[in-house]
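*Asks:* Sharing a structure, written as structure tokens. Questions coming.
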Amino acid sequence: MKLDSIAHRFCVDKPKKFKLSKHDTAECCGLSIDKAEAKAMLAGGIERLSALQEKLYADGRWSVLIVLQAMDAAGKDSLIEHVMSGINPQGVDVHSFKQPSHEELAHDFLWRVAQRLPAQGRIGIFNRSHYEEVLTVRVHPELLEAQKLPQQAAGKDLWQQRFKDIRAFEEHLARNGTLILKFFLNVSRDEQRKRFLDRIEEPGKRWKFSMGDVAERKLWPKYMDAYEDAIRETSRPAAPWFVVPADNKWFTRLVVAAAVVDAMERLDLQFPKVEGKALKELHKVRKALLAEK
């Protein structure tokens, strides 16, 4: 199995027919963590990603935005750690969007993410993102009160309006040279329970546990409905969603690495050519360096 073919399996390219319940959270495409093939594929993907990052920086025309969304304990942090382990940290910006600040609440809901977009030649990773505004806020509509929206903006069409704004925002970024890849780490409720128990039972992981996580767990059906709606409404060619099985972290990492590598290779990134006068100058410098004793 080729790395590229794995990514295509999980891309939501027919959003109108998308049903989250049809996606297996434990899917591994016949691979297993013990198989040398899986380990080699991930290692190869990370190596290719490293080379592509160097080209991305040198080419200077594109930026890459990776959006990660998931329920708690789905593995977003470990994904960033493992998949990005082989690339130059100077070329990657990771931002985690927490509860909005007073300043952020004083602006429109896309303002705070716009401040964190990656520059040309760089990779940006959003650990949670603008999608919190149609996920967490939708499940907890009381959060809208802090946004102080005018009455006409907070009506019954609010969520459809936000989907429309997100689509337009992402299409604008794509037209101007940002490759957008969005990943929903699709963990099962049972696997989340196991990971919560691991956090409680292992002293080194207890700091990660929050009582709020248990409260959110009770709202699982509402979150799944919100995710399904958001993915269906915003997975477009310019900014596709990948629904990634997340019950097996090693496979989650493999899928994300495959998708990022495949998309970046299709950008046809090139190293700048050194020609003419500049090339002649390089030859002169080379001769001088070779002549040194």
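Ordering of the structure tokens sets the chain letters (A, B, ...), residue numbers begin anew at 1 in every chain, and ligands are numbered from 1 in the order given.
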Could you tell me, as a PyMOL selection string, which residues of stretch 4-144 of chain A DSSP assigns to alpha helix (DSSP H) when given the backbone?

*Replies:* chain A and resi 4-9+36-59+76-83+102-105+111-114+136-139

*Asks:* Fewer than 5 positions away in the same chain doesn't count, so skip those; otherwise give me all residues within 7 Å of stretch 163-179 of chain A, counting only C-alpha atoms, as a PyMOL selection string.

*Replies:* chain A and resi 61-65+233-234+238-239

*Asks:* Given the selection you just returned, output its residues as a file containing N, CA and C atoms, formatted as a PDB file, in the first residue's frame.

*Replies:*
ATOM      1  N   ARG A  61       6.373  30.885  -2.254  1.00  0.00           N
ATOM      2  CA  ARG A  61       5.084  31.330  -2.813  1.00  0.00           C
ATOM      3  C   ARG A  61       3.885  30.817  -2.024  1.00  0.00           C
ATOM      4  N   TRP A  62       4.082  29.757  -1.271  1.00  0.00           N
ATOM      5  CA  TRP A  62       2.974  29.085  -0.589  1.00  0.00           C
ATOM      6  C   TRP A  62       3.180  29.069   0.923  1.00  0.00           C
ATOM      7  N   SER A  63       2.081  28.965   1.626  1.00  0.00           N
ATOM      8  CA  SER A  63       2.109  28.630   3.053  1.00  0.00           C
ATOM      9  C   SER A  63       1.185  27.433   3.249  1.00  0.00           C
ATOM     10  N   VAL A  64       1.345  26.725   4.350  1.00  0.00           N
ATOM     11  CA  VAL A  64       0.524  25.547   4.631  1.00  0.00           C
ATOM     12  C   VAL A  64      -0.152  25.730   5.981  1.00  0.00           C
ATOM     13  N   LEU A  65      -1.463  25.568   6.012  1.00  0.00           N
ATOM     14  CA  LEU A  65      -2.229  25.652   7.258  1.00  0.00           C
ATOM     15  C   LEU A  65      -2.862  24.302   7.547  1.00  0.00           C
ATOM     16  N   GLU A 233     -20.709  21.133   5.714  1.00  0.00           N
ATOM     17  CA  GLU A 233     -20.880  22.495   5.194  1.00  0.00           C
ATOM     18  C   GLU A 233     -19.579  23.164   4.759  1.00  0.00           C
ATOM     19  N   THR A 234     -18.435  22.650   5.195  1.00  0.00           N
ATOM     20  CA  THR A 234     -17.189  23.380   4.921  1.00  0.00           C
ATOM     21  C   THR A 234     -16.087  22.551   4.272  1.00  0.00           C
ATOM     22  N   ALA A 238     -10.981  23.621  -1.986  1.00  0.00           N
ATOM     23  CA  ALA A 238      -9.973  24.590  -1.549  1.00  0.00           C
ATOM     24  C   ALA A 238      -9.522  24.354  -0.112  1.00  0.00           C
ATOM     25  N   ALA A 239     -10.335  23.652   0.670  1.00  0.00           N
ATOM     26  CA  ALA A 239     -10.015  23.415   2.083  1.00  0.00           C
ATOM     27  C   ALA A 239     -10.722  22.151   2.544  1.00  0.00           C
TER      28      ALA A 239
END

*Asks:* Using only C-alpha atoms, find each residue of stretch 102-201 of chain A with at least one atom at most 8 Å away from an atom of stretch 69-81 of chain A; report its shortest atom-to-atom pair and that distance in Å (one decimal), sort the rows by chain and rising residue number, and return the result as a tab-separated table.

*Replies:*
residue	atom	partner	partner_atom	distance
A:Asn127	CA	A:Gln69	CA	6.8
A:Arg128	CA	A:Gln69	CA	5.2
A:Ser129	CA	A:Gln69	CA	7.4
A:Tyr131	CA	A:Gln69	CA	7.8
A:Lys182	CA	A:Gln69	CA	7.9
A:Phe183	CA	A:Gln69	CA	6.2
A:Phe184	CA	A:Gln69	CA	4.9
A:Leu185	CA	A:Ala70	CA	5.1
A:Asn186	CA	A:Ala70	CA	6.7
A:Val187	CA	A:Ala74	CA	5.6
A:Gln192	CA	A:Ala73	CA	6.0
A:Arg195	CA	A:Ala73	CA	6.4
A:Phe196	CA	A:Ala73	CA	7.1

*Asks:* For A:Arg217, which of A:Glu47, A:Glu145, A:Asp24, A:Asp190 is the closest residue, counting only C-alpha atoms?

*Replies:*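 Once distances to A:Arg217 are computed over only C-alpha atoms, the minimum belongs to A:Asp190.
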
*Asks:* Give the strand (DSSP E) residues of stretch 99-175 of chain A, as DSSP finds them on the backbone, and put them as an mmCIF file with all heavy atoms, in the first residue's frame.

*Replies:*
data_model
loop_
_atom_site.group_PDB
_atom_site.id
_atom_site.type_symbol
_atom_site.label_atom_id
_atom_site.label_comp_id
_atom_site.auth_asym_id
_atom_site.auth_seq_id
_atom_site.Cartn_x
_atom_site.Cartn_y
_atom_site.Cartn_z
ATOM 1 N N ILE A 123 4.819 26.621 7.684
ATOM 2 C CA ILE A 123 3.716 25.726 8.023
ATOM 3 C C ILE A 123 3.098 26.211 9.324
ATOM 4 O O ILE A 123 3.807 26.444 10.308
ATOM 5 C CB ILE A 123 4.209 24.274 8.189
ATOM 6 C CG1 ILE A 123 4.784 23.741 6.876
ATOM 7 C CG2 ILE A 123 3.068 23.374 8.673
ATOM 8 C CD1 ILE A 123 5.425 22.367 7.007
ATOM 9 N N GLY A 124 1.794 26.368 9.347
ATOM 10 C CA GLY A 124 1.080 26.746 10.560
ATOM 11 C C GLY A 124 0.154 25.615 10.983
ATOM 12 O O GLY A 124 -0.498 24.993 10.142
ATOM 13 N N ILE A 125 0.113 25.342 12.277
ATOM 14 C CA ILE A 125 -0.765 24.294 12.806
ATOM 15 C C ILE A 125 -1.706 24.918 13.827
ATOM 16 O O ILE A 125 -1.257 25.541 14.794
ATOM 17 C CB ILE A 125 0.041 23.163 13.466
ATOM 18 C CG1 ILE A 125 1.012 22.536 12.453
ATOM 19 C CG2 ILE A 125 -0.901 22.093 14.018
ATOM 20 C CD1 ILE A 125 1.939 21.508 13.059
ATOM 21 N N PHE A 126 -2.981 24.778 13.599
ATOM 22 C CA PHE A 126 -3.993 25.245 14.553
ATOM 23 C C PHE A 126 -4.483 24.046 15.357
ATOM 24 O O PHE A 126 -5.149 23.153 14.817
ATOM 25 C CB PHE A 126 -5.174 25.891 13.843
ATOM 26 C CG PHE A 126 -4.902 27.269 13.290
ATOM 27 C CD1 PHE A 126 -5.876 27.925 12.533
ATOM 28 C CD2 PHE A 126 -3.699 27.913 13.518
ATOM 29 C CE1 PHE A 126 -5.648 29.193 12.026
ATOM 30 C CE2 PHE A 126 -3.449 29.187 13.012
ATOM 31 C CZ PHE A 126 -4.435 29.821 12.259
ATOM 32 N N ASN A 127 -4.143 24.019 16.644
ATOM 33 C CA ASN A 127 -4.634 23.000 17.557
ATOM 34 C C ASN A 127 -5.940 23.542 18.144
ATOM 35 O O ASN A 127 -5.939 24.305 19.102
ATOM 36 C CB ASN A 127 -3.597 22.744 18.653
ATOM 37 C CG ASN A 127 -3.973 21.609 19.569
ATOM 38 O OD1 ASN A 127 -5.128 21.181 19.595
ATOM 39 N ND2 ASN A 127 -3.021 21.134 20.340
#

*Asks:* In Å, how far is it from atom CA of A:Asp262 to atom CA of A:Val92?

*Replies:*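 Computed distance, atom CA of A:Asp262 to atom CA of A:Val92, equals 18.2 Å.
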